[in-house]
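Notes for the one structure printed next.
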Amino acid sequence: MMGEEDFGPLLKRLLDRRSLDSAALSRLASVPEPELLSVFHGERPSPSLLRRLAPALGLHSADVFAIAGADIPDDLAPLDATAGRRVPHLTRDAVVLPPEQREALRRLAASLPQVERTRPVPEPRPHQQYPPGPGALLMRMIRNRNLGWTATAHIFLVVTGRYWSAATYGGVGRGRTPLTPDLVADFAALLDVAAADLTALTGVPLPATPTPPNPAVTGVAELIWAVRRLTASQLQQVGDTAEAMRRQLPDRNPA
């Protein structure tokens, strides 16, 4: 529902993180400053405003809608919910490839035609309808990537090396599992959103000793984003290409 959470304070925290004020954002987003100020004072942001804010904030449009607790427009929402089940397998193949091949997979995904939507975007299942809160915000962003709880758990293991059960992510969305610094850092790695932005949005600090970036997962979050609106058959095509690339790699453990 539009306005599920108060967007104004979240937007203000993102601006503070960037050392910007409403006047600067007004110029960057080509939005009248009074329109921004009304949002800061509690008015619901319009879909048009959210779209204009996204590039100014350096965020995906769908994620700005998620931050605002707003319904994701049809043209931004994932197309085929069944396709998300294939993403963990694609991710496992992608992380063993060199960066240039991961980028080739991303370009392949981006080149595939966008299939026309024939049905309205379905309502989230009851267990994925989260009460307002920072965990719900993160799980809405996960849903933007066409991932359910189980797929999320498998991909987090691949990307971060840490395994949390599928139920843990459901608990995060429902506010039953506390957000920890490690969890927020893990979300940042999968979402390809600056960890400092997630700290600003959730109020959870980052780990005192951050884990150094893993070169093996560079570009994986971008690939996950690129496949989010593909059909299952299109994602299978990308997955088959990734598997073929992996099979052509030199044997790392020769006899």
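Residue numbers start at 1 in each chain; chains themselves are named A, B, ... in the order of the structure tokens; ligands are numbered from 1 in the order shown.
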
Sort by chain and increasing residue number a table of all residues of stretch 190-229 of chain A within 8 Å of stretch 103-114 of chain A, each with its closest pair of atoms and their distance in Å to one decimal, counting only C-alpha atoms, and write it as JSON lines.
```
{"residue": "A:Gly219", "atom": "CA", "partner": "A:Glu103", "partner_atom": "CA", "distance": 6.8}
{"residue": "A:Glu222", "atom": "CA", "partner": "A:Arg106", "partner_atom": "CA", "distance": 7.2}
{"residue": "A:Leu223", "atom": "CA", "partner": "A:Arg106", "partner_atom": "CA", "distance": 5.0}
{"residue": "A:Ala226", "atom": "CA", "partner": "A:Ala110", "partner_atom": "CA", "distance": 5.9}
{"residue": "A:Val227", "atom": "CA", "partner": "A:Ala109", "partner_atom": "CA", "distance": 5.8}
{"residue": "A:Arg229", "atom": "CA", "partner": "A:Gln114", "partner_atom": "CA", "distance": 7.5}
```

Using only C-alpha atoms, find each residue of stretch 68-186 of chain A with at least one atom at most 12 Å away from an atom of stretch 248-252 of chain A; report its shortest atom-to-atom pair and that distance in Å (one decimal), sort the rows by chain and rising residue number, and return the result as a tab-separated table.
```
residue	atom	partner	partner_atom	distance
A:Asp93	CA	A:Leu249	CA	11.1
A:Ala94	CA	A:Leu249	CA	11.9
A:Val96	CA	A:Leu249	CA	8.9
A:Leu97	CA	A:Leu249	CA	7.9
A:Pro98	CA	A:Leu249	CA	9.4
A:Gln101	CA	A:Leu249	CA	10.9
```

Dump as a short mmCIF file (atom, residue, chain, number, x, y, z; two decimals), in the first residue's frame, selection limited to all heavy atoms:
```
data_model
loop_
_atom_site.label_atom_id
_atom_site.label_comp_id
_atom_site.auth_asym_id
_atom_site.auth_seq_id
_atom_site.Cartn_x
_atom_site.Cartn_y
_atom_site.Cartn_z
N ASP A 93 27.05 -20.86 -10.49
CA ASP A 93 27.93 -20.95 -11.65
C ASP A 93 28.69 -19.64 -11.86
O ASP A 93 29.88 -19.64 -12.21
CB ASP A 93 27.11 -21.27 -12.91
CG ASP A 93 26.73 -22.75 -13.00
OD1 ASP A 93 27.42 -23.58 -12.39
OD2 ASP A 93 25.75 -23.06 -13.69
N ALA A 94 27.99 -18.52 -11.65
CA ALA A 94 28.60 -17.22 -11.95
C ALA A 94 29.80 -16.91 -11.07
O ALA A 94 30.77 -16.30 -11.53
CB ALA A 94 27.55 -16.12 -11.81
N VAL A 96 32.15 -18.72 -9.99
CA VAL A 96 33.41 -19.37 -10.34
C VAL A 96 33.97 -18.86 -11.66
O VAL A 96 35.07 -19.24 -12.06
CB VAL A 96 33.25 -20.91 -10.40
CG1 VAL A 96 32.74 -21.43 -9.07
CG2 VAL A 96 32.33 -21.34 -11.54
N LEU A 97 33.22 -17.98 -12.33
CA LEU A 97 33.67 -17.45 -13.62
C LEU A 97 34.53 -16.21 -13.41
O LEU A 97 34.38 -15.49 -12.41
CB LEU A 97 32.46 -17.10 -14.48
CG LEU A 97 31.52 -18.24 -14.87
CD1 LEU A 97 30.29 -17.69 -15.59
CD2 LEU A 97 32.24 -19.26 -15.74
N PRO A 98 35.40 -15.91 -14.36
CA PRO A 98 36.14 -14.65 -14.28
C PRO A 98 35.19 -13.47 -14.48
O PRO A 98 34.11 -13.61 -15.07
CB PRO A 98 37.15 -14.76 -15.43
CG PRO A 98 36.61 -15.79 -16.34
CD PRO A 98 35.80 -16.74 -15.51
N GLN A 101 33.43 -12.78 -17.82
CA GLN A 101 32.36 -13.69 -18.22
C GLN A 101 31.07 -13.40 -17.44
O GLN A 101 29.97 -13.54 -17.98
CB GLN A 101 32.79 -15.14 -18.05
CG GLN A 101 33.83 -15.58 -19.09
CD GLN A 101 34.08 -17.07 -19.06
OE1 GLN A 101 34.24 -17.67 -17.99
NE2 GLN A 101 34.13 -17.68 -20.23
#
```

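Take the candidates A:Gln129, A:Ser61, A:Ser22, A:Thr160 and check each one against A:Leu36 using only C-alpha atoms; the shortest distance goes to A:Ser22.
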
List as a Markdown table every residue of stretch 201-233 of chain A that is in contact with stretch 173-187 of chain A, defined as an atom at most 10 Å from one of its atoms (using only C-alpha atoms), together with the nearest atom pair and the distance in Å rounded to one decimal, sorted by chain and then rising number.
```
| residue | atom | partner | partner_atom | distance |
| --- | --- | --- | --- | --- |
| A:Thr202 | CA | A:Val184 | CA | 8.5 |
| A:Gly203 | CA | A:Leu179 | CA | 9.5 |
| A:Val204 | CA | A:Pro181 | CA | 6.2 |
| A:Pro205 | CA | A:Pro181 | CA | 5.6 |
| A:Leu206 | CA | A:Pro181 | CA | 4.7 |
| A:Pro207 | CA | A:Pro181 | CA | 4.9 |
| A:Ala208 | CA | A:Pro181 | CA | 8.3 |
| A:Thr209 | CA | A:Asp182 | CA | 9.9 |
| A:Pro210 | CA | A:Ala185 | CA | 8.0 |
| A:Thr211 | CA | A:Ala185 | CA | 8.6 |
```

Pick from A:Thr150, A:Ala68, A:Arg86, A:Leu157 nearest to A:Asp240, counting only C-alpha atoms:
A:Arg86

When you look at A:Leu25 with a cut-off of 12 Å (counting only C-alpha atoms), what residues show up, excluding the ones that are within fewer than 2 positions of it in the same chain? I need them as a tab-separated table (two decimals) with C-alpha atoms, in the first residue's frame.
```
chain	number	residue	atom	x	y	z
A	11	LEU	CA	14.53	10.28	2.49
A	12	LYS	CA	15.98	12.82	4.90
A	14	LEU	CA	19.53	9.33	2.71
A	15	LEU	CA	20.12	13.00	1.97
A	16	ASP	CA	22.10	13.46	5.19
A	18	ARG	CA	25.02	12.26	0.93
A	19	SER	CA	25.46	15.68	2.56
A	20	LEU	CA	22.56	17.03	0.48
A	21	ASP	CA	19.59	19.18	1.38
A	22	SER	CA	16.17	19.54	-0.20
A	23	ALA	CA	17.33	22.32	-2.50
A	27	ARG	CA	17.95	20.43	-8.65
A	28	LEU	CA	19.26	16.88	-9.14
A	29	ALA	CA	15.82	15.34	-9.58
A	30	SER	CA	14.19	18.29	-11.39
A	31	VAL	CA	11.50	18.34	-8.71
A	32	PRO	CA	10.01	21.53	-7.24
A	33	GLU	CA	11.41	21.96	-3.74
A	34	PRO	CA	7.94	22.53	-2.20
A	35	GLU	CA	6.94	19.06	-3.45
A	36	LEU	CA	9.90	17.56	-1.58
A	37	LEU	CA	9.20	19.55	1.55
A	49	LEU	CA	8.11	11.70	-7.75
A	52	ARG	CA	12.37	11.04	-10.52
A	53	LEU	CA	14.12	10.60	-7.20
A	54	ALA	CA	15.70	7.25	-8.10
A	55	PRO	CA	18.49	8.44	-10.44
A	56	ALA	CA	19.20	11.45	-8.23
A	57	LEU	CA	19.72	9.08	-5.29
A	58	GLY	CA	21.65	6.53	-7.34
```

Selection: 12 Å around A:His89, only C-alpha atoms, excl. self and same-chain fewer than 6 positions, as a PyMOL selection string
chain A and resi 83+95-96+151-152+154-155+158+224+235-236+238-243+246

Looking at A:Ala81, A:Ala66, A:Leu76, A:Val159, which one is nearest to A:Arg140, with distances taken over only C-alpha atoms?
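Nearest to A:Arg140: A:Ala66.
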
Can you work out the spacing between atom CA of A:His41 and atom CA of A:Gly8 in Å, to one decimal?
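Interatomic distance, atom CA of A:His41 to atom CA of A:Gly8: 6.6 Å.
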
With only C-alpha atoms as the counted atoms, please give the residues lying no more than 8 Å from A:Phe156, apart from itself and same-chain residues fewer than 5 positions off, as a ChimeraX atom specification.
/A:161-164,186,190

Go ahead and save the picked residues with N, CA and C atoms, as a CSV table (one decimal), in the first residue's frame.
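So the final result, stored in part02.csv, reads:
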```csv
chain,number,residue,atom,x,y,z
A,161,GLY,N,29.1,-16.3,2.0
A,161,GLY,CA,29.8,-17.3,2.7
A,161,GLY,C,29.1,-17.7,4.1
A,162,ARG,N,28.0,-16.9,4.4
A,162,ARG,CA,27.3,-17.2,5.6
A,162,ARG,C,25.9,-17.7,5.3
A,163,TYR,N,25.5,-18.7,6.1
A,163,TYR,CA,24.1,-19.3,5.8
A,163,TYR,C,23.2,-19.0,6.9
A,164,TRP,N,22.1,-18.4,6.5
A,164,TRP,CA,21.0,-18.2,7.5
A,164,TRP,C,19.8,-18.9,6.9
A,186,ASP,N,25.4,-8.2,4.8
A,186,ASP,CA,25.1,-9.2,3.8
A,186,ASP,C,24.0,-8.7,2.8
A,190,LEU,N,24.2,-8.4,-1.5
A,190,LEU,CA,23.3,-9.0,-2.5
A,190,LEU,C,22.5,-8.0,-3.2
```

Just the helix (DSSP H, G or I) stuff from stretch 55-245 of chain A, please, per backbone DSSP, written as a VMD selection string.
chain A and resid 55 to 57 61 to 67 81 to 94 99 to 111 126 to 128 134 to 144 149 to 160 166 to 174 181 to 191 195 to 202 215 to 217 220 to 226 232 to 245

Quick one: residues within 6 Å of A:Thr231, only C-alpha atoms, excluding same-chain residues fewer than 2 positions away - as a list in words?
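The neighbour list is Asp80, Ala83, Ser233 and Gln234 of chain A.
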
The selected residues should be written to file as an mmCIF file, in the first residue's frame (atoms: C-alpha atoms).
```
data_model
loop_
_atom_site.group_PDB
_atom_site.id
_atom_site.type_symbol
_atom_site.label_atom_id
_atom_site.label_comp_id
_atom_site.auth_asym_id
_atom_site.auth_seq_id
_atom_site.Cartn_x
_atom_site.Cartn_y
_atom_site.Cartn_z
ATOM 1 C CA ASP A 80 7.573 -14.445 -13.741
ATOM 2 C CA ALA A 83 11.947 -17.711 -12.641
ATOM 3 C CA SER A 233 12.672 -19.909 -20.066
ATOM 4 C CA GLN A 234 14.806 -16.813 -20.613
#
```

Measuring atom to atom with only C-alpha atoms, identify which of A:Thr91, A:Ser46, A:Thr168, A:Asn146 is nearest to A:Pro124.
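Among A:Thr91, A:Ser46, A:Thr168, A:Asn146, it is A:Asn146 that comes nearest to A:Pro124.
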
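When only C-alpha atoms are used to compute distances to A:Arg228, the closest of the residues A:Pro45, A:Pro134, A:Leu147, A:Leu10 turns out to be A:Leu147.
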
To one decimal in Å, tell me the separation between atom CA of A:Arg51 and atom CA of A:Pro120.
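Pair atom CA of A:Arg51 / atom CA of A:Pro120 returns 20.2 Å.
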